[in-house]
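Peer 1: For reference, the file coords-v2.csv (CSV, C-alpha atoms) is included below:
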chain,number,residue,atom,x,y,z
A,1,MET,CA,-34.6,-12.7,31.3
A,2,ARG,CA,-33.3,-10.6,28.4
A,3,LEU,CA,-31.0,-13.5,27.5
A,4,VAL,CA,-33.9,-15.9,27.5
A,5,LEU,CA,-36.0,-13.7,25.4
A,6,ALA,CA,-33.1,-13.2,23.0
A,7,PHE,CA,-32.6,-17.0,22.8
A,8,LEU,CA,-36.3,-17.6,22.2
A,9,ALA,CA,-36.3,-14.9,19.5
A,10,ALA,CA,-33.3,-16.6,17.9
A,11,ILE,CA,-35.0,-20.0,17.9
A,12,GLY,CA,-38.2,-18.5,16.5
A,13,PHE,CA,-36.3,-16.6,13.9
A,14,ALA,CA,-34.3,-19.7,12.8
A,15,GLY,CA,-37.4,-21.9,12.8
A,16,GLY,CA,-39.3,-19.3,10.8
A,17,ALA,CA,-36.5,-19.0,8.3
A,18,ALA,CA,-36.3,-22.8,7.9
A,19,ALA,CA,-40.1,-22.8,7.2
A,20,GLY,CA,-39.6,-20.0,4.7
A,21,GLY,CA,-41.7,-17.7,6.8
A,22,SER,CA,-39.3,-14.9,7.9
A,23,TYR,CA,-37.5,-13.8,4.8
A,24,PRO,CA,-36.3,-10.3,4.9
A,25,ALA,CA,-38.8,-7.6,3.9
A,26,VAL,CA,-37.4,-6.7,0.5
A,27,PRO,CA,-38.5,-3.2,-0.4
A,28,ALA,CA,-40.9,-3.1,-3.2
A,29,ALA,CA,-39.5,-1.9,-6.5
A,30,THR,CA,-41.1,0.3,-9.1
A,31,GLY,CA,-41.0,-0.1,-12.9
A,32,ASP,CA,-41.2,-3.2,-15.1
A,33,PRO,CA,-40.0,-6.4,-13.6
A,34,HIS,CA,-36.8,-8.0,-14.9
A,35,PRO,CA,-37.6,-10.2,-17.9
A,36,GLU,CA,-35.7,-13.1,-16.4
A,37,GLY,CA,-37.9,-13.1,-13.3
A,38,ASN,CA,-37.2,-12.4,-9.7
A,39,ASP,CA,-36.1,-15.8,-8.8
A,40,TYR,CA,-33.4,-15.8,-11.5
A,41,TRP,CA,-32.2,-12.4,-10.3
A,42,ARG,CA,-32.1,-13.4,-6.7
A,43,LEU,CA,-29.9,-16.3,-7.6
A,44,HIS,CA,-27.7,-14.8,-10.2
A,45,HIS,CA,-27.5,-11.0,-9.6
A,46,MET,CA,-23.9,-11.2,-8.6
A,47,ASP,CA,-22.9,-12.9,-11.8
A,48,LEU,CA,-24.9,-10.5,-13.9
A,49,LEU,CA,-23.3,-7.6,-12.2
A,50,GLN,CA,-19.8,-9.0,-12.6
A,51,HIS,CA,-20.5,-9.7,-16.2
A,52,ASP,CA,-21.6,-6.2,-16.9
A,53,ARG,CA,-18.7,-4.6,-15.0
A,54,ASP,CA,-16.2,-6.4,-17.2
A,55,LYS,CA,-18.1,-5.3,-20.3
A,56,THR,CA,-18.2,-1.7,-19.3
A,57,VAL,CA,-14.8,-1.2,-17.7
A,58,ARG,CA,-12.7,-3.5,-19.8
A,59,GLU,CA,-14.5,-3.6,-23.1
A,60,GLY,CA,-16.1,-0.1,-23.0
A,61,ILE,CA,-19.6,-1.3,-23.7
A,62,ARG,CA,-22.2,1.1,-22.3
A,63,ASN,CA,-25.3,0.4,-24.3
A,64,LEU,CA,-26.4,-3.1,-24.9
A,65,SER,CA,-27.3,-3.1,-28.6
A,66,PRO,CA,-26.0,-0.9,-31.5
A,67,ASP,CA,-29.0,1.3,-31.8
A,68,ASP,CA,-29.6,1.6,-28.1
A,69,VAL,CA,-29.5,5.2,-27.2
A,70,ALA,CA,-30.0,4.5,-23.5
A,71,ILE,CA,-26.9,3.7,-21.4
A,72,THR,CA,-28.1,0.7,-19.5
A,73,ALA,CA,-25.0,-1.2,-18.6
A,74,SER,CA,-24.5,0.6,-15.3
A,75,ILE,CA,-25.0,-0.2,-11.7
A,76,GLY,CA,-26.7,3.2,-11.5
A,77,THR,CA,-29.7,1.8,-13.4
A,78,CYS,CA,-30.5,-0.5,-10.4
A,79,PHE,CA,-31.5,2.6,-8.4
A,80,ASP,CA,-34.1,3.6,-11.0
A,81,CYS,CA,-36.5,1.0,-9.6
A,82,HIS,CA,-35.0,-0.2,-6.3
A,83,ALA,CA,-33.9,3.0,-4.5
A,84,VAL,CA,-35.5,3.4,-1.0
A,85,LYS,CA,-36.6,6.7,0.5
A,86,ASP,CA,-36.6,7.5,4.2
A,87,GLU,CA,-39.4,9.4,6.1
A,88,GLN,CA,-38.1,12.7,4.9
A,89,GLY,CA,-38.3,11.5,1.3
A,90,GLU,CA,-34.5,11.4,0.9
A,91,TYR,CA,-32.9,8.4,-0.7
A,92,VAL,CA,-31.1,6.2,1.8
A,93,SER,CA,-27.5,5.3,1.3
A,94,PHE,CA,-25.8,2.0,1.9
A,95,ASP,CA,-25.1,3.2,5.5
A,96,ASP,CA,-28.8,2.8,6.2
A,97,PRO,CA,-30.0,-0.8,6.9
A,98,ARG,CA,-33.1,0.0,4.8
A,99,HIS,CA,-31.0,0.3,1.6
A,100,PHE,CA,-32.3,-2.3,-0.8
A,101,CYS,CA,-29.0,-4.1,-1.1
A,102,ARG,CA,-28.5,-4.3,2.6
A,103,VAL,CA,-31.9,-5.7,3.5
A,104,CYS,CA,-31.0,-9.1,2.0
A,105,HIS,CA,-27.2,-8.9,2.5
A,106,ASP,CA,-27.6,-8.1,6.2
A,107,TYR,CA,-30.0,-11.1,6.5
A,108,ALA,CA,-27.6,-13.4,4.6
A,109,ALA,CA,-24.5,-12.0,6.3
A,110,VAL,CA,-22.8,-11.4,3.0
A,111,THR,CA,-20.5,-8.4,2.8
A,112,ILE,CA,-20.4,-6.5,-0.4
A,113,ASP,CA,-17.9,-3.8,-1.3
A,114,CYS,CA,-19.6,-2.3,-4.4
A,115,PHE,CA,-20.4,1.0,-2.5
A,116,GLU,CA,-16.8,1.7,-1.4
A,117,CYS,CA,-16.4,3.1,-4.9
A,118,HIS,CA,-19.9,3.4,-6.4
A,119,ARG,CA,-22.4,5.8,-5.1
A,120,SER,CA,-25.3,4.0,-3.3
A,121,THR,CA,-28.0,6.5,-4.1
A,122,PRO,CA,-29.5,7.6,-7.4
A,123,ALA,CA,-27.4,10.0,-9.4
A,124,ASN,CA,-28.2,13.7,-9.2
A,125,THR,CA,-27.8,14.1,-12.9
A,126,THR,CA,-29.4,12.5,-15.9
A,127,ALA,CA,-26.4,13.2,-18.1
A,128,TYR,CA,-24.5,10.0,-19.1
A,129,ARG,CA,-27.8,8.1,-19.4
A,130,THR,CA,-27.9,8.4,-23.1
A,131,MET,CA,-25.4,8.1,-26.0
A,132,ALA,CA,-24.4,11.5,-27.4
A,133,LYS,CA,-26.4,12.8,-30.3
A,134,PRO,CA,-24.3,14.2,-33.3
A,135,GLU,CA,-25.8,17.7,-32.7
A,136,ASP,CA,-24.6,17.8,-29.1
A,137,PRO,CA,-21.8,20.3,-28.8
A,138,ASP,CA,-19.7,17.9,-26.7
A,139,SER,CA,-20.1,15.0,-29.1
A,140,ILE,CA,-17.1,13.7,-30.9
A,141,VAL,CA,-18.9,14.1,-34.2
A,142,ALA,CA,-19.6,17.8,-33.5
A,143,TYR,CA,-16.1,18.4,-32.3
A,144,LEU,CA,-14.5,16.9,-35.4
A,145,ALA,CA,-16.9,19.0,-37.5
A,146,ARG,CA,-15.7,22.1,-35.7
A,147,LEU,CA,-12.1,21.2,-36.4
A,148,ALA,CA,-12.8,20.6,-40.1
A,149,GLN,CA,-14.5,24.0,-40.3
A,150,GLU,CA,-11.5,25.7,-38.7
A,151,THR,CA,-9.1,24.0,-41.1
A,152,SER,CA,-11.1,25.0,-44.1
A,153,GLN,CA,-11.2,28.7,-43.1
B,1,MET,CA,-38.9,-0.8,-23.0
B,2,THR,CA,-35.2,-1.6,-23.4
B,3,ASN,CA,-34.2,-3.4,-20.3
B,4,ARG,CA,-30.7,-4.2,-19.3
B,5,ALA,CA,-31.3,-7.7,-20.5
B,6,GLU,CA,-29.9,-8.5,-23.9
B,7,MET,CA,-32.2,-9.7,-26.6
B,8,THR,CA,-30.6,-13.1,-26.6
B,9,ARG,CA,-31.4,-13.6,-23.0
B,10,ARG,CA,-34.9,-12.3,-23.4
B,11,ASP,CA,-35.4,-14.6,-26.4
B,12,ILE,CA,-34.3,-17.6,-24.5
B,13,LEU,CA,-36.8,-16.8,-21.8
B,14,LYS,CA,-39.5,-16.2,-24.3
B,15,SER,CA,-38.9,-19.5,-25.9
B,16,GLY,CA,-40.1,-21.3,-22.8
B,17,ALA,CA,-37.1,-21.5,-20.6
B,18,ALA,CA,-38.6,-19.0,-18.1
B,19,ALA,CA,-40.6,-21.6,-16.3
B,20,SER,CA,-37.6,-23.8,-15.8
B,21,THR,CA,-35.1,-21.1,-15.0
B,22,VAL,CA,-35.3,-21.7,-11.3
B,23,THR,CA,-34.7,-25.4,-11.3
B,24,LEU,CA,-32.1,-25.2,-14.1
B,25,ALA,CA,-30.4,-22.2,-12.5
B,26,PRO,CA,-27.4,-24.0,-10.9
B,27,GLY,CA,-26.5,-25.3,-14.3
B,28,VAL,CA,-27.2,-22.2,-16.3
B,29,THR,CA,-24.1,-20.1,-16.8
B,30,LEU,CA,-23.9,-16.5,-17.8
B,31,MET,CA,-21.9,-17.4,-20.9
B,32,ALA,CA,-24.9,-19.1,-22.3
B,33,PHE,CA,-26.6,-15.8,-22.6
B,34,GLY,CA,-24.0,-13.2,-23.5
B,35,GLY,CA,-21.9,-12.4,-26.5
B,36,THR,CA,-24.2,-12.1,-29.5
B,37,ALA,CA,-25.4,-8.5,-29.1
B,38,GLU,CA,-22.7,-6.4,-30.7
B,39,ALA,CA,-22.7,-3.1,-28.9
B,40,SER,CA,-22.0,0.1,-30.7
B,41,SER,CA,-19.9,1.6,-28.0
B,42,ARG,CA,-17.4,-1.2,-27.6
B,43,ALA,CA,-13.8,0.1,-27.3
B,44,ASP,CA,-12.7,-0.2,-30.9
B,45,ALA,CA,-9.4,-1.9,-31.6
B,46,GLY,CA,-9.3,0.0,-35.0
B,47,LYS,CA,-8.9,3.2,-33.1
B,48,ARG,CA,-6.3,4.7,-30.8
B,49,TRP,CA,-7.4,7.8,-28.9
B,50,GLY,CA,-4.8,10.4,-28.3
B,51,LEU,CA,-4.2,14.0,-27.5
B,52,LEU,CA,-1.9,16.6,-29.0
B,53,ILE,CA,-1.1,19.4,-26.6
B,54,ASP,CA,0.1,22.6,-28.1
B,55,ALA,CA,2.0,24.4,-25.3
B,56,SER,CA,2.1,27.7,-27.3
B,57,LYS,CA,-1.7,27.9,-27.0
B,58,CYS,CA,-1.8,26.9,-23.3
B,59,ASP,CA,-2.2,29.9,-21.0
B,60,ALA,CA,0.0,29.7,-17.9
B,61,ASN,CA,-2.7,31.3,-15.8
B,62,CYS,CA,-5.5,29.0,-16.9
B,63,SER,CA,-6.3,25.7,-15.3
B,64,ASP,CA,-9.7,25.1,-16.7
B,65,CYS,CA,-8.7,21.6,-17.9
B,66,VAL,CA,-7.8,20.6,-14.3
B,67,THR,CA,-11.0,22.1,-13.0
B,68,ALA,CA,-13.1,20.3,-15.6
B,69,CYS,CA,-11.4,17.0,-14.8
B,70,LYS,CA,-12.2,17.5,-11.1
B,71,VAL,CA,-15.8,18.3,-11.8
B,72,GLU,CA,-16.2,15.5,-14.3
B,73,ASN,CA,-14.5,12.8,-12.2
B,74,GLY,CA,-15.2,14.1,-8.7
B,75,TRP,CA,-11.7,14.3,-7.3
B,76,GLY,CA,-9.9,17.0,-5.3
B,77,SER,CA,-12.9,18.5,-3.6
B,78,GLU,CA,-12.2,20.7,-0.5
B,79,GLU,CA,-14.0,18.1,1.6
B,80,GLU,CA,-11.7,15.3,0.3
B,81,LEU,CA,-8.5,17.3,0.6
B,82,ALA,CA,-9.3,18.4,4.2
B,83,GLY,CA,-8.6,15.0,5.6
B,84,LEU,CA,-5.4,14.4,3.6
B,85,ASN,CA,-1.7,15.1,3.8
B,86,PRO,CA,-1.0,17.2,0.7
B,87,GLY,CA,1.3,14.5,-0.6
B,88,GLN,CA,-1.6,12.1,-0.7
B,89,ALA,CA,-3.9,14.4,-2.7
B,90,PRO,CA,-5.4,12.9,-5.9
B,91,GLU,CA,-4.0,14.3,-9.1
B,92,TRP,CA,-5.4,13.0,-12.4
B,93,ILE,CA,-4.1,16.0,-14.3
B,94,ARG,CA,-1.8,18.9,-13.4
B,95,LYS,CA,-0.5,22.0,-14.9
B,96,VAL,CA,3.3,22.1,-15.4
B,97,THR,CA,5.4,25.1,-16.2
B,98,LEU,CA,8.8,24.7,-17.9
B,99,ARG,CA,11.5,27.3,-17.9
B,100,ASP,CA,14.5,27.3,-20.2
B,101,LYS,CA,17.3,28.3,-17.9
B,102,ALA,CA,19.4,29.7,-20.8
B,103,THR,CA,16.7,31.9,-22.4
B,104,GLY,CA,14.2,32.3,-19.6
B,105,ARG,CA,11.4,31.2,-22.0
B,106,GLU,CA,8.5,29.7,-20.0
B,107,VAL,CA,5.8,27.4,-21.3
B,108,SER,CA,2.9,25.8,-19.6
B,109,ALA,CA,1.1,22.5,-20.4
B,110,PRO,CA,-1.1,20.0,-18.7
B,111,VAL,CA,0.3,16.6,-17.8
B,112,MET,CA,-2.0,13.6,-17.3
B,113,CYS,CA,-1.8,9.9,-18.0
B,114,GLN,CA,0.1,9.6,-21.3
B,115,HIS,CA,-1.8,6.5,-22.4
B,116,CYS,CA,1.4,4.7,-23.5
B,117,GLU,CA,1.3,2.0,-26.1
B,118,GLU,CA,3.7,0.0,-23.9
B,119,PRO,CA,2.5,1.1,-20.5
B,120,PRO,CA,4.9,0.2,-17.6
B,121,CYS,CA,1.9,0.3,-15.2
B,122,VAL,CA,0.3,-2.6,-17.0
B,123,ASP,CA,3.5,-4.5,-17.0
B,124,VAL,CA,4.0,-4.4,-13.3
B,125,CYS,CA,0.3,-4.9,-12.2
B,126,PRO,CA,0.0,-8.3,-10.3
B,127,THR,CA,-3.7,-8.6,-10.8
B,128,GLY,CA,-4.5,-7.3,-14.3
B,129,ALA,CA,-6.3,-4.3,-12.9
B,130,SER,CA,-4.0,-1.8,-14.6
B,131,MET,CA,-4.9,-2.4,-18.2
B,132,LYS,CA,-5.0,-1.0,-21.7
B,133,ARG,CA,-8.3,-1.1,-23.6
B,134,ASP,CA,-8.5,-2.1,-27.2
B,135,ASP,CA,-8.7,1.6,-28.2
B,136,GLY,CA,-5.5,2.5,-26.4
B,137,ILE,CA,-6.9,4.0,-23.2
B,138,VAL,CA,-4.9,3.0,-20.2
B,139,LEU,CA,-6.9,2.8,-17.0
B,140,VAL,CA,-7.4,1.0,-13.7
B,141,ASP,CA,-10.1,-1.6,-13.3
B,142,ARG,CA,-10.8,-0.9,-9.7
B,143,HIS,CA,-12.9,-4.0,-9.3
B,144,ILE,CA,-9.7,-6.1,-9.1
B,145,CYS,CA,-7.2,-3.4,-8.0
B,146,ILE,CA,-5.6,-4.5,-4.7
B,147,GLY,CA,-4.0,-1.1,-4.0
B,148,CYS,CA,-0.4,-2.4,-4.1
B,149,ARG,CA,0.7,0.8,-5.9
B,150,TYR,CA,3.3,-0.9,-8.1
B,151,CYS,CA,1.9,1.0,-11.0
B,152,MET,CA,2.4,4.3,-9.3
B,153,MET,CA,6.1,3.4,-8.9
B,154,ALA,CA,6.4,2.3,-12.5
B,155,CYS,CA,4.8,5.3,-14.1
B,156,PRO,CA,7.5,7.7,-15.3
B,157,PHE,CA,5.0,10.5,-15.5
B,158,LYS,CA,3.7,10.4,-12.0
B,159,ALA,CA,0.3,10.2,-13.4
B,160,ARG,CA,-1.4,8.0,-10.9
B,161,SER,CA,-2.7,8.6,-7.4
B,162,PHE,CA,-4.0,6.4,-4.6
B,163,VAL,CA,-7.2,7.0,-2.6
B,164,HIS,CA,-6.3,7.1,1.0
B,165,GLU,CA,-9.6,7.8,2.7
B,166,GLU,CA,-13.2,6.6,2.4
B,167,LEU,CA,-15.4,8.5,0.0
B,168,THR,CA,-19.1,9.0,-0.4
B,169,ASP,CA,-21.4,10.5,-3.0
B,170,GLN,CA,-19.0,9.7,-5.9
B,171,HIS,CA,-20.2,10.7,-9.4
B,172,VAL,CA,-22.1,8.0,-11.1
B,173,GLN,CA,-19.8,8.0,-14.1
B,174,ALA,CA,-16.6,8.1,-12.0
B,175,PRO,CA,-16.7,5.5,-9.2
B,176,ARG,CA,-13.6,5.8,-7.0
B,177,GLY,CA,-12.8,4.6,-3.5
B,178,LYS,CA,-10.4,3.9,-0.7
B,179,GLY,CA,-7.6,1.4,-1.4
B,180,THR,CA,-7.5,1.7,-5.1
B,181,VAL,CA,-5.3,3.5,-7.6
B,182,GLU,CA,-6.7,6.0,-10.1
B,183,SER,CA,-5.6,8.1,-13.0
B,184,CYS,CA,-6.8,9.9,-16.1
B,185,ASN,CA,-8.8,7.4,-18.2
B,186,LEU,CA,-9.2,9.9,-21.0
B,187,CYS,CA,-12.8,10.2,-19.9
B,188,ALA,CA,-13.5,6.7,-21.1
B,189,PRO,CA,-17.2,6.8,-20.1
B,190,ARG,CA,-17.6,10.0,-22.2
B,191,ILE,CA,-15.7,8.5,-25.1
B,192,ASP,CA,-17.8,5.4,-25.0
B,193,SER,CA,-21.0,7.4,-25.1
B,194,GLY,CA,-19.6,9.5,-28.1
B,195,ARG,CA,-18.4,12.5,-26.2
B,196,ILE,CA,-15.0,14.3,-26.1
B,197,PRO,CA,-12.9,14.3,-22.9
B,198,ALA,CA,-13.8,17.0,-20.3
B,199,CYS,CA,-10.4,18.7,-20.5
B,200,VAL,CA,-10.6,19.0,-24.3
B,201,GLU,CA,-14.0,20.5,-24.0
B,202,ALA,CA,-12.9,22.9,-21.2
B,203,CYS,CA,-9.8,24.1,-23.2
B,204,GLU,CA,-11.9,24.8,-26.2
B,205,LYS,CA,-14.5,26.7,-24.2
B,206,ALA,CA,-11.7,28.8,-22.6
B,207,GLY,CA,-10.8,29.8,-26.1
B,208,HIS,CA,-7.4,28.2,-26.2
B,209,SER,CA,-8.0,24.9,-28.0
B,210,ALA,CA,-4.6,23.8,-26.8
B,211,ILE,CA,-5.6,20.1,-26.5
B,212,LEU,CA,-6.4,18.4,-29.7
B,213,PHE,CA,-8.3,15.1,-29.4
B,214,GLY,CA,-8.6,12.4,-32.0
B,215,ASP,CA,-7.9,9.0,-33.4
B,216,LEU,CA,-4.2,8.4,-34.0
B,217,LYS,CA,-4.8,5.3,-36.1
B,218,ASP,CA,-7.0,7.2,-38.6
B,219,PRO,CA,-4.6,8.9,-41.1
B,220,ASP,CA,-7.2,11.5,-42.0
B,221,SER,CA,-8.1,12.6,-38.5
B,222,PRO,CA,-7.1,16.2,-37.6
B,223,ILE,CA,-4.7,14.9,-34.9
B,224,SER,CA,-2.9,12.6,-37.3
B,225,LYS,CA,-2.6,15.3,-39.9
B,226,ARG,CA,-1.3,17.8,-37.4
B,227,LEU,CA,1.3,15.2,-36.1
B,228,ARG,CA,2.4,14.5,-39.7
B,229,GLU,CA,2.8,18.2,-40.6
B,230,TYR,CA,4.4,19.6,-37.4
B,231,ASP,CA,7.1,18.7,-35.1
B,232,SER,CA,6.0,17.1,-31.8
B,233,ILE,CA,7.5,15.2,-28.9
B,234,ALA,CA,6.6,12.5,-26.5
B,235,LEU,CA,7.5,13.0,-22.9
B,236,ARG,CA,10.5,10.8,-21.9
B,237,ASP,CA,10.9,9.7,-25.5
B,238,ASP,CA,14.0,7.8,-24.4
B,239,LEU,CA,11.8,5.2,-22.7
B,240,GLU,CA,10.2,4.3,-26.0
B,241,LEU,CA,6.7,3.9,-24.5
B,242,ASN,CA,5.0,5.6,-27.5
B,243,PRO,CA,2.5,7.7,-25.5
B,244,GLY,CA,-0.9,8.6,-27.0
B,245,VAL,CA,-0.4,12.1,-25.6
B,246,ARG,CA,2.1,14.2,-27.5
B,247,TYR,CA,3.3,17.7,-27.1
B,248,THR,CA,4.2,20.4,-29.5
B,249,ASN,CA,6.0,23.8,-29.0
B,250,LEU,CA,7.1,22.6,-25.6
Please, can you express the file's structure as structure tokens?
Peer 2:
Amino acid sequence: MRLVLAFLAAIGFAGGAAAGGSYPAVPAATGDPHPEGNDYWRLHHMDLLQHDRDKTVREGIRNLSPDDVAITASIGTCFDCHAVKDEQGEYVSFDDPRHFCRVCHDYAAVTIDCFECHRSTPANTTAYRTMAKPEDPDSIVAYLARLAQETSQ
Amino acid sequence: MTNRAEMTRRDILKSGAAASTVTLAPGVTLMAFGGTAEASSRADAGKRWGLLIDASKCDANCSDCVTACKVENGWGSEEELAGLNPGQAPEWIRKVTLRDKATGREVSAPVMCQHCEEPPCVDVCPTGASMKRDDGIVLVDRHICIGCRYCMMACPFKARSFVHEELTDQHVQAPRGKGTVESCNLCAPRIDSGRIPACVEACEKAGHSAILFGDLKDPDSPISKRLREYDSIALRDDLELNPGVRYTNL
């Protein structure tokens, strides 16, 4: 009986998917939508992510235009809008099927390895989200100014 | 709002391509969008970042640089080490004490990736994961690292380590994971955002200022001036790798 039910469920599921009726329940995101549109992102997010990963790691680009103070070329920014919380109000990690990446990837049976290295929940610090200001003590500018001061003394 | 999308891409969409994005999508390549926005943080080929470590200023009992590196990059936590054979422990930077057998003089200094101009780790990497950026920083692109560890064998400074076990809750600025090689990247994410490396900051805060950071290609930078004025050495100078990390009073 259980087998039959499972079979029926599978048929219903497949039929529903074919009719476009049973897509995965993608968690609602907050914030402004991507300017390219959701359909573009659904189709191309992997290319966009790979493009940005090469820009950041290999070319050292963290902000996307010269005057940009915000560091936006980071997989961490995805979590700003897409992170999912559980009943306790804690962010769910990639181990949880409700994680926003897993909802679709489980459905499509596509394995991703991003979170073997990257954290899968929002960062607990807001440092590294902006370029250093010259007055910051850990900025290269302030450091070189301190060295110049030492030399002159 | 500054979205991750570059202005070029946004402009294309504004100009009316948005409606046709879906149908055109299979033919639209990423290259059509990228490339025009010149970012200010790009690794600059006109620079070469380096360190000058003054062993006479380094306190043998201080390991603040190592601690700062661990905190910054999230390696070597007790939780991580608990599951590891000590020989497998990650080590991006370590304190080394040298003793002259004849005189008994002891000096202490940190050793990390030496950021060679001719890095053997890059020569041997079969995938291009071990790489040198335009600004001279040598690092592992773990996106394409297959964990073969040839680079660990090739490095004469034993600067690299391999992640043996699964990790969670990595730092957002320092992703690291099982099956890939890692090493000091001179805090590339910090440098890209205009900040000095964590070890340099920690050494200065500890009152030693034994690690001098700067641009080796700029003749007027403090590090270039110091190198010009005082005697310094490269570790394993015989290999002619021209490291970006140099030592003085060693």
Peer 1: Report, in Å with one decimal, the straight-line distance from atom CA of Leu139 of chain B to atom CA of Glu182 of chain B.
Peer 2: 7.6 Å
Peer 1: List the spatial neighbours of segment 162-167 of chain B as a compact mmCIF listing (two decimals) with C-alpha atoms, in the frame of the given file - criterion: any atom at most 9 Å away, all atoms listed in the file, same-chain residues fewer than 3 positions off excluded.
Peer 2:
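What landed in around.txt:
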# COMPACT_ATOMS: atom_id res chain seq x y z
CA GLU A 116 -16.80 1.70 -1.40
CA CYS A 117 -16.40 3.10 -4.90
CA GLU B 80 -11.70 15.30 0.30
CA GLY B 83 -8.60 15.00 5.60
CA LEU B 84 -5.40 14.40 3.60
CA GLN B 88 -1.60 12.10 -0.70
CA ALA B 89 -3.90 14.40 -2.70
CA PRO B 90 -5.40 12.90 -5.90
CA GLY B 147 -4.00 -1.10 -4.00
CA ARG B 149 0.70 0.80 -5.90
CA MET B 152 2.40 4.30 -9.30
CA GLN B 170 -19.00 9.70 -5.90
CA ARG B 176 -13.60 5.80 -7.00
CA GLY B 177 -12.80 4.60 -3.50
CA LYS B 178 -10.40 3.90 -0.70
CA GLY B 179 -7.60 1.40 -1.40
CA THR B 180 -7.50 1.70 -5.10
CA VAL B 181 -5.30 3.50 -7.60
CA GLU B 182 -6.70 6.00 -10.10
CA SER B 183 -5.60 8.10 -13.00
Peer 1: Just the number, please: distance in Å from atom CA of Pro219 of chain B to atom CA of Ala142 of chain A, one decimal.
Peer 2: 19.0 Å
Peer 1: Neighbours of Gly60 of chain A within 6 Å (only C-alpha atoms; same-chain residues fewer than 2 positions away dropped), as a VMD selection string?
Peer 2: (chain A and resid 56 to 58) or (chain B and resid 42 to 43)
Peer 1: For segment 236-242 of chain B, find every residue with an atom within 10 Å (counting only C-alpha atoms), except residues of its own chain fewer than 6 positions away, and show them as a tab-separated table (two decimals) with C-alpha atoms, keeping the file's coordinate frame.
Peer 2:
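After the write, out-v4.tsv holds the following:
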chain	number	residue	atom	x	y	z
B	114	GLN	CA	0.10	9.60	-21.30
B	115	HIS	CA	-1.80	6.50	-22.40
B	116	CYS	CA	1.40	4.70	-23.50
B	117	GLU	CA	1.30	2.00	-26.10
B	118	GLU	CA	3.70	0.00	-23.90
B	119	PRO	CA	2.50	1.10	-20.50
B	120	PRO	CA	4.90	0.20	-17.60
B	156	PRO	CA	7.50	7.70	-15.30
B	157	PHE	CA	5.00	10.50	-15.50
Peer 1: Need the shell around Ser130 of chain B: protein/DNA/RNA residues with any atom at most 7 Å away, counting only C-alpha atoms. Skip same-chain ones fewer than 6 positions apart. Format as number ranges by chain?
Peer 2: B: 121-122, 139-141
Peer 1: Could you jot down the atom CA of Ala68 of chain B to atom CA of Ala234 of chain B separation for me, Å, one decimal place?
Peer 2: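 Calculated distance between atom CA of Ala68 of chain B and atom CA of Ala234 of chain B is 23.8 Å.
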Peer 1: Measuring atom to atom with all atoms listed in the file, identify which of B:Glu72, B:Asp169, B:Asp100, B:Asp54 is nearest to Phe213 of chain B.
Peer 2: B:Asp54
Peer 1: Between A:Gly37, A:Pro66, A:Gly89, A:Pro24, which is the closest to chain B once you count only C-alpha atoms?
Peer 2: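 Checking each candidate against chain B, we get A:Pro66 as the closest.
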Peer 1: Which is closest to Lys85 of chain A among A:Pro33, A:Asp52, A:Pro122, A:Asp68, if we use only C-alpha atoms?
Peer 2: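 Smallest separation from Lys85 of chain A among the options: A:Pro122.
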Peer 1: Report as a short mmCIF file (atom, residue, chain, number, x, y, z; two decimals) with C-alpha atoms, keeping the file's coordinate frame the set of chain A residues whose atoms approach chain B to within 6 Å, with distances computed over all atoms listed in the file.
Peer 2:
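Once written, selection-v6.cif looks like this:
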data_model
loop_
_atom_site.label_atom_id
_atom_site.label_comp_id
_atom_site.auth_asym_id
_atom_site.auth_seq_id
_atom_site.Cartn_x
_atom_site.Cartn_y
_atom_site.Cartn_z
CA GLU A 59 -14.50 -3.60 -23.10
CA GLY A 60 -16.10 -0.10 -23.00
CA ILE A 61 -19.60 -1.30 -23.70
CA LEU A 64 -26.40 -3.10 -24.90
CA SER A 65 -27.30 -3.10 -28.60
CA PRO A 66 -26.00 -0.90 -31.50
CA THR A 72 -28.10 0.70 -19.50
CA GLU A 116 -16.80 1.70 -1.40
CA CYS A 117 -16.40 3.10 -4.90
CA HIS A 118 -19.90 3.40 -6.40
CA ARG A 119 -22.40 5.80 -5.10
CA ALA A 123 -27.40 10.00 -9.40
CA MET A 131 -25.40 8.10 -26.00
CA ALA A 132 -24.40 11.50 -27.40
CA ASP A 138 -19.70 17.90 -26.70
CA SER A 139 -20.10 15.00 -29.10
CA ILE A 140 -17.10 13.70 -30.90
#
Peer 1: When you look at Ser232 of chain B with a cut-off of 12 Å (counting all atoms listed in the file), what residues show up, excluding the ones that are within fewer than 2 positions of it in the same chain? I need them as a compact mmCIF listing (two decimals) with C-alpha atoms, keeping the file's coordinate frame.
Peer 2:
# COMPACT_ATOMS: atom_id res chain seq x y z
CA LEU B 51 -4.20 14.00 -27.50
CA LEU B 52 -1.90 16.60 -29.00
CA ILE B 53 -1.10 19.40 -26.60
CA ASP B 54 0.10 22.60 -28.10
CA ALA B 55 2.00 24.40 -25.30
CA ILE B 223 -4.70 14.90 -34.90
CA SER B 224 -2.90 12.60 -37.30
CA LYS B 225 -2.60 15.30 -39.90
CA ARG B 226 -1.30 17.80 -37.40
CA LEU B 227 1.30 15.20 -36.10
CA ARG B 228 2.40 14.50 -39.70
CA GLU B 229 2.80 18.20 -40.60
CA TYR B 230 4.40 19.60 -37.40
CA ALA B 234 6.60 12.50 -26.50
CA LEU B 235 7.50 13.00 -22.90
CA ASP B 237 10.90 9.70 -25.50
CA PRO B 243 2.50 7.70 -25.50
CA GLY B 244 -0.90 8.60 -27.00
CA VAL B 245 -0.40 12.10 -25.60
CA ARG B 246 2.10 14.20 -27.50
CA TYR B 247 3.30 17.70 -27.10
CA THR B 248 4.20 20.40 -29.50
CA ASN B 249 6.00 23.80 -29.00
CA LEU B 250 7.10 22.60 -25.60
